[in-house]
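**Q** Let me give you the structure first, and then I'll get to my questions.
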Amino acid sequence: MKELINNEDGKQFELHIDGKIAKIEYIRAKEKIYLTHTEVPKGLEGQGIGTEMIRQALEFIKEQGLTLVPLCPFVALYLKRNPEWKSLVLKGINIA
(Lines give C-alpha, C1' and ligand atoms only; values in the text may rest on other atoms or scores of the structure.)
Protein backbone atom coordinates (compact mmCIF):
# COMPACT_ATOMS: atom_id res chain seq x y z
CA MET A 1 0.00 0.00 0.00
CA LYS A 2 1.24 3.48 -0.79
CA GLU A 3 2.31 6.02 1.80
CA LEU A 4 -0.22 8.54 3.03
CA ILE A 5 0.48 12.16 2.02
CA ASN A 6 -0.38 14.99 4.40
CA ASN A 7 -1.62 17.76 2.09
CA GLU A 8 -1.62 20.60 4.61
CA ASP A 9 -2.72 23.20 2.04
CA GLY A 10 -5.68 21.05 1.03
CA LYS A 11 -6.37 20.08 4.67
CA GLN A 12 -6.50 16.39 3.85
CA PHE A 13 -4.56 13.16 3.99
CA GLU A 14 -4.26 11.56 0.54
CA LEU A 15 -3.43 8.24 -1.06
CA HIS A 16 -2.72 8.43 -4.79
CA ILE A 17 -3.75 5.20 -6.50
CA ASP A 18 -3.98 4.61 -10.26
CA GLY A 19 -4.35 8.33 -10.99
CA LYS A 20 -7.11 8.71 -8.40
CA ILE A 21 -6.99 10.30 -4.95
CA ALA A 22 -8.53 8.76 -1.84
CA LYS A 23 -8.68 11.25 1.02
CA ILE A 24 -9.50 12.01 4.62
CA GLU A 25 -10.42 15.65 5.12
CA TYR A 26 -9.43 17.27 8.39
CA ILE A 27 -9.49 20.46 10.42
CA ARG A 28 -6.46 21.14 12.59
CA ALA A 29 -6.78 23.49 15.54
CA LYS A 30 -3.65 23.76 17.71
CA GLU A 31 -3.17 20.34 19.33
CA LYS A 32 -6.45 18.88 18.04
CA ILE A 33 -7.21 17.31 14.69
CA TYR A 34 -10.79 16.73 13.55
CA LEU A 35 -11.18 14.02 10.90
CA THR A 36 -14.32 15.15 9.10
CA HIS A 37 -14.77 13.08 5.94
CA THR A 38 -13.29 9.98 4.29
CA GLU A 39 -13.66 9.45 0.57
CA VAL A 40 -12.48 6.60 -1.68
CA PRO A 41 -13.01 7.10 -5.44
CA LYS A 42 -15.46 4.89 -7.33
CA GLY A 43 -13.77 1.77 -8.57
CA LEU A 44 -11.43 1.62 -5.57
CA GLU A 45 -14.04 0.86 -2.91
CA GLY A 46 -13.99 -2.46 -1.08
CA GLN A 47 -10.22 -2.91 -1.31
CA GLY A 48 -9.38 -1.79 2.22
CA ILE A 49 -8.06 1.57 1.03
CA GLY A 50 -10.18 3.64 3.43
CA THR A 51 -9.16 1.42 6.34
CA GLU A 52 -5.48 1.68 5.45
CA MET A 53 -5.77 5.45 5.07
CA ILE A 54 -7.26 5.74 8.55
CA ARG A 55 -4.56 3.51 10.03
CA GLN A 56 -1.80 5.65 8.50
CA ALA A 57 -3.55 8.89 9.54
CA LEU A 58 -3.76 7.59 13.13
CA GLU A 59 -0.02 6.77 13.03
CA PHE A 60 0.64 10.37 11.95
CA ILE A 61 -1.62 11.77 14.68
CA LYS A 62 0.15 9.63 17.29
CA GLU A 63 3.62 10.67 16.06
CA GLN A 64 2.63 14.35 16.15
CA GLY A 65 1.15 14.05 19.65
CA LEU A 66 -2.22 15.37 18.49
CA THR A 67 -5.63 14.77 20.05
CA LEU A 68 -8.17 13.19 17.70
CA VAL A 69 -11.78 14.29 17.33
CA PRO A 70 -13.40 11.72 14.99
CA LEU A 71 -16.31 13.46 13.25
CA CYS A 72 -16.36 11.06 10.28
CA PRO A 73 -18.59 8.00 10.92
CA PHE A 74 -16.14 5.74 9.04
CA VAL A 75 -13.27 6.84 11.31
CA ALA A 76 -15.46 6.32 14.40
CA LEU A 77 -16.32 2.81 13.19
CA TYR A 78 -12.62 2.04 12.67
CA LEU A 79 -11.88 3.18 16.23
CA LYS A 80 -14.71 1.02 17.56
CA ARG A 81 -13.21 -2.01 15.79
CA ASN A 82 -9.63 -1.11 16.77
CA PRO A 83 -9.81 0.03 20.40
CA GLU A 84 -6.01 0.23 20.71
CA TRP A 85 -6.27 3.67 19.04
CA LYS A 86 -8.83 5.11 21.47
CA SER A 87 -6.08 6.70 23.58
CA LEU A 88 -5.72 9.32 20.80
CA VAL A 89 -9.36 10.42 21.11
CA LEU A 90 -10.30 13.60 22.98
CA LYS A 91 -11.42 12.78 26.53
CA GLY A 92 -15.19 12.85 26.90
CA ILE A 93 -15.90 11.59 23.39
CA ASN A 94 -17.54 8.21 23.63
CA ILE A 95 -17.07 5.74 20.80
CA ALA A 96 -19.52 2.98 21.59
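Just remember, in the C-alpha coordinates the first chain shown is A, the second B, etc., residues are 1-based per chain, and ligands are 1-based in the order shown.
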Find the spatial neighbours of A:Thr38, counting only C-alpha atoms, within a cut-off of 7 Å - ignore same-chain residues fewer than 3 positions away - and output them as a ChimeraX atom specification.
**A** /A:23-25,72,74
**Q** Residues of the last selection are to be written out with N, CA, C and O atoms, as a CSV table (one decimal), in the first residue's frame.
**A**
chain,number,residue,atom,x,y,z
A,23,LYS,N,-9.0,10.2,0.1
A,23,LYS,CA,-8.7,11.3,1.0
A,23,LYS,C,-9.5,11.2,2.3
A,23,LYS,O,-10.5,10.6,2.4
A,24,ILE,N,-8.8,11.8,3.3
A,24,ILE,CA,-9.5,12.0,4.6
A,24,ILE,C,-9.4,13.5,4.9
A,24,ILE,O,-8.2,14.0,5.0
A,25,GLU,N,-10.5,14.2,4.9
A,25,GLU,CA,-10.4,15.7,5.1
A,25,GLU,C,-10.3,15.9,6.6
A,25,GLU,O,-10.9,15.1,7.4
A,72,CYS,N,-16.0,11.9,11.4
A,72,CYS,CA,-16.4,11.1,10.3
A,72,CYS,C,-16.9,9.7,10.8
A,72,CYS,O,-16.2,9.1,11.6
A,74,PHE,N,-17.0,6.8,9.4
A,74,PHE,CA,-16.1,5.7,9.0
A,74,PHE,C,-14.9,5.6,10.0
A,74,PHE,O,-14.5,4.6,10.4
**Q** Report as a PyMOL selection string all protein, DNA and RNA residues lying within 12 Å of A:Lys86, evaluated on only C-alpha atoms, omitting residues in the same chain fewer than 5 positions from it.
**A** chain A and resi 58+61-62+67-70+75-81+91-96
**Q** Export all heavy atoms of the chosen residues as a short mmCIF file (atom, residue, chain, number, x, y, z; two decimals), in the first residue's frame?
**A**
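Final output, out_34.cif:
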data_model
loop_
_atom_site.label_atom_id
_atom_site.label_comp_id
_atom_site.auth_asym_id
_atom_site.auth_seq_id
_atom_site.Cartn_x
_atom_site.Cartn_y
_atom_site.Cartn_z
N LEU A 58 -3.87 7.74 11.68
CA LEU A 58 -3.76 7.59 13.13
C LEU A 58 -2.29 7.50 13.56
O LEU A 58 -1.91 8.05 14.60
CB LEU A 58 -4.55 6.39 13.62
CG LEU A 58 -6.08 6.50 13.46
CD1 LEU A 58 -6.75 5.20 13.86
CD2 LEU A 58 -6.64 7.68 14.23
N ILE A 61 -1.07 11.05 13.54
CA ILE A 61 -1.62 11.77 14.68
C ILE A 61 -0.87 11.40 15.96
O ILE A 61 -0.51 12.26 16.76
CB ILE A 61 -3.14 11.50 14.80
CG1 ILE A 61 -3.87 12.17 13.62
CG2 ILE A 61 -3.69 11.96 16.15
CD1 ILE A 61 -5.29 11.69 13.42
N LYS A 62 -0.59 10.11 16.12
CA LYS A 62 0.15 9.63 17.29
C LYS A 62 1.56 10.21 17.30
O LYS A 62 2.02 10.72 18.32
CB LYS A 62 0.19 8.11 17.28
CG LYS A 62 0.86 7.49 18.48
CD LYS A 62 0.81 5.98 18.38
CE LYS A 62 1.46 5.34 19.59
NZ LYS A 62 1.43 3.87 19.49
N THR A 67 -4.42 15.36 19.48
CA THR A 67 -5.63 14.77 20.05
C THR A 67 -6.66 14.66 18.94
O THR A 67 -6.93 15.62 18.23
CB THR A 67 -6.17 15.65 21.19
OG1 THR A 67 -5.17 15.76 22.20
CG2 THR A 67 -7.43 15.05 21.80
N LEU A 68 -7.23 13.49 18.79
CA LEU A 68 -8.17 13.19 17.70
C LEU A 68 -9.62 13.46 18.10
O LEU A 68 -10.06 13.06 19.18
CB LEU A 68 -8.03 11.72 17.29
CG LEU A 68 -9.06 11.16 16.32
CD1 LEU A 68 -9.01 11.88 14.99
CD2 LEU A 68 -8.84 9.67 16.14
N VAL A 69 -10.33 14.14 17.20
CA VAL A 69 -11.78 14.29 17.33
C VAL A 69 -12.37 13.66 16.06
O VAL A 69 -12.31 14.25 14.99
CB VAL A 69 -12.20 15.76 17.48
CG1 VAL A 69 -13.71 15.85 17.65
CG2 VAL A 69 -11.48 16.43 18.64
N PRO A 70 -12.91 12.43 16.18
CA PRO A 70 -13.40 11.72 14.99
C PRO A 70 -14.83 12.12 14.63
O PRO A 70 -15.78 11.63 15.21
CB PRO A 70 -13.32 10.25 15.41
CG PRO A 70 -13.51 10.28 16.89
CD PRO A 70 -12.95 11.59 17.37
N VAL A 75 -14.39 6.81 10.36
CA VAL A 75 -13.27 6.84 11.31
C VAL A 75 -13.74 6.33 12.68
O VAL A 75 -13.06 5.53 13.32
CB VAL A 75 -12.68 8.26 11.43
CG1 VAL A 75 -11.65 8.33 12.55
CG2 VAL A 75 -12.06 8.70 10.11
N ALA A 76 -14.92 6.76 13.11
CA ALA A 76 -15.46 6.32 14.40
C ALA A 76 -15.65 4.80 14.41
O ALA A 76 -15.35 4.13 15.40
CB ALA A 76 -16.77 7.04 14.70
N LEU A 77 -16.13 4.26 13.30
CA LEU A 77 -16.32 2.81 13.19
C LEU A 77 -14.98 2.09 13.27
O LEU A 77 -14.84 1.07 13.95
CB LEU A 77 -17.04 2.46 11.88
CG LEU A 77 -17.34 0.98 11.65
CD1 LEU A 77 -18.27 0.44 12.72
CD2 LEU A 77 -17.95 0.78 10.27
N TYR A 78 -13.97 2.62 12.61
CA TYR A 78 -12.62 2.04 12.67
C TYR A 78 -12.13 2.01 14.12
O TYR A 78 -11.58 1.01 14.58
CB TYR A 78 -11.65 2.83 11.79
CG TYR A 78 -10.26 2.25 11.79
CD1 TYR A 78 -9.88 1.32 10.83
CD2 TYR A 78 -9.31 2.63 12.75
CE1 TYR A 78 -8.60 0.77 10.84
CE2 TYR A 78 -8.05 2.08 12.76
CZ TYR A 78 -7.69 1.16 11.80
OH TYR A 78 -6.43 0.61 11.82
N LEU A 79 -12.32 3.11 14.84
CA LEU A 79 -11.88 3.18 16.23
C LEU A 79 -12.63 2.18 17.11
O LEU A 79 -12.06 1.60 18.02
CB LEU A 79 -12.07 4.60 16.77
CG LEU A 79 -11.13 5.65 16.16
CD1 LEU A 79 -11.62 7.05 16.49
CD2 LEU A 79 -9.70 5.45 16.63
N LYS A 80 -13.91 1.99 16.81
CA LYS A 80 -14.71 1.02 17.56
C LYS A 80 -14.15 -0.39 17.35
O LYS A 80 -14.08 -1.18 18.29
CB LYS A 80 -16.16 1.11 17.10
CG LYS A 80 -17.11 0.23 17.87
CD LYS A 80 -18.54 0.45 17.40
CE LYS A 80 -19.50 -0.47 18.13
NZ LYS A 80 -20.87 -0.30 17.66
N ARG A 81 -13.73 -0.68 16.12
CA ARG A 81 -13.21 -2.01 15.79
C ARG A 81 -11.75 -2.18 16.18
O ARG A 81 -11.24 -3.30 16.21
CB ARG A 81 -13.36 -2.26 14.29
CG ARG A 81 -14.79 -2.40 13.85
CD ARG A 81 -14.89 -2.59 12.36
NE ARG A 81 -16.27 -2.83 11.95
CZ ARG A 81 -16.70 -2.74 10.71
NH1 ARG A 81 -15.86 -2.43 9.73
NH2 ARG A 81 -17.97 -2.97 10.41
N LYS A 91 -10.68 13.27 25.35
CA LYS A 91 -11.42 12.78 26.53
C LYS A 91 -12.85 13.30 26.51
O LYS A 91 -13.09 14.45 26.16
CB LYS A 91 -10.72 13.24 27.81
CG LYS A 91 -9.30 12.77 27.95
CD LYS A 91 -9.21 11.28 28.25
CE LYS A 91 -7.79 10.80 28.40
NZ LYS A 91 -7.20 10.21 27.21
N GLY A 92 -13.79 12.44 26.87
CA GLY A 92 -15.19 12.85 26.90
C GLY A 92 -15.95 12.45 25.65
O GLY A 92 -17.16 12.48 25.64
N ILE A 93 -15.22 12.07 24.60
CA ILE A 93 -15.90 11.59 23.39
C ILE A 93 -16.04 10.08 23.52
O ILE A 93 -15.05 9.38 23.69
CB ILE A 93 -15.13 11.97 22.11
CG1 ILE A 93 -15.18 13.48 21.93
CG2 ILE A 93 -15.71 11.24 20.90
CD1 ILE A 93 -14.50 13.98 20.69
N ASN A 94 -17.27 9.63 23.46
CA ASN A 94 -17.54 8.21 23.63
C ASN A 94 -17.73 7.53 22.28
O ASN A 94 -18.59 7.91 21.51
CB ASN A 94 -18.79 8.03 24.51
CG ASN A 94 -19.02 6.57 24.84
OD1 ASN A 94 -18.10 5.77 24.82
ND2 ASN A 94 -20.25 6.24 25.15
N ILE A 95 -16.90 6.56 22.02
CA ILE A 95 -17.07 5.74 20.80
C ILE A 95 -17.59 4.40 21.28
O ILE A 95 -16.85 3.62 21.86
CB ILE A 95 -15.75 5.60 20.04
CG1 ILE A 95 -15.31 6.98 19.57
CG2 ILE A 95 -15.92 4.68 18.85
CD1 ILE A 95 -13.88 7.07 19.19
N ALA A 96 -18.87 4.18 21.06
CA ALA A 96 -19.52 2.98 21.59
C ALA A 96 -18.97 1.73 20.93
O ALA A 96 -18.49 1.75 19.84
CB ALA A 96 -21.01 3.07 21.35
#
**Q** When distances are computed from only C-alpha atoms, which of A:Leu66, A:Lys2, A:His37, A:Pro73 shows the smallest separation from A:Ile49?
**A**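 The shortest atom-to-atom distance to A:Ile49 comes from A:Lys2.
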**Q** Return as an MDAnalysis selection string the full set of residues in chain A whose backbone-based DSSP assignment is strand (DSSP E or B).
**A** chainID A and resid 5:7 12:17 20:29 32:39 67:70 89
**Q** Can you work out the spacing between atom CA of A:Ile21 and atom CA of A:Phe60 in Å, to one decimal?
**A**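 Distance between the two atoms: 18.5 Å.
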**Q** Would you mind listing what lies within 12 Å of A:Gly19 as a list of chain:residue names, with only C-alpha atoms counted and same-chain residues fewer than 2 positions away left out?
**A**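 The filter keeps A:Glu14, A:Leu15, A:His16, A:Ile17, A:Ile21, A:Ala22, A:Pro41, A:Gly43, A:Leu44.
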**Q** Go through A:Ile54, A:Ile5, A:Leu71, A:Gln47 one by one, measure the shortest atom-to-atom distance of each to A:Leu35 using only C-alpha atoms, and give the residue with the smallest value.
**A** A:Leu71
**Q** Can you tell me, as a VMD selection string, what residues are no more than 6 Å from A:Tyr26 when counting only C-alpha atoms, ignoring any on the same chain fewer than 2 positions away?
**A** chain A and resid 11 to 12 34 to 36
**Q** Residues of chain A in alpha helix (DSSP H) according to DSSP, as a list in words?
**A**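 Taking chain A and keeping alpha helix (DSSP H) only, one gets Ile49, Gly50, Thr51, Glu52, Met53, Ile54, Arg55, Gln56, Ala57, Leu58, Glu59, Phe60, Ile61, Lys62, Glu63, Gln64, Pro73, Phe74, Val75, Ala76, Leu77, Tyr78, Leu79, Lys80 and Arg81 of chain A.
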**Q** With distances taken over only C-alpha atoms, which residue among A:Leu90, A:Asn82, A:Arg28, A:Gln64 lies nearest A:Asp9?
**A**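 Closest to A:Asp9 of all the choices is A:Arg28.
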**Q** So the first atom is atom CA of A:Asn6 and the second is atom CA of A:Ala57; what is the distance between them in Å, to one decimal place?
**A** 8.6 Å
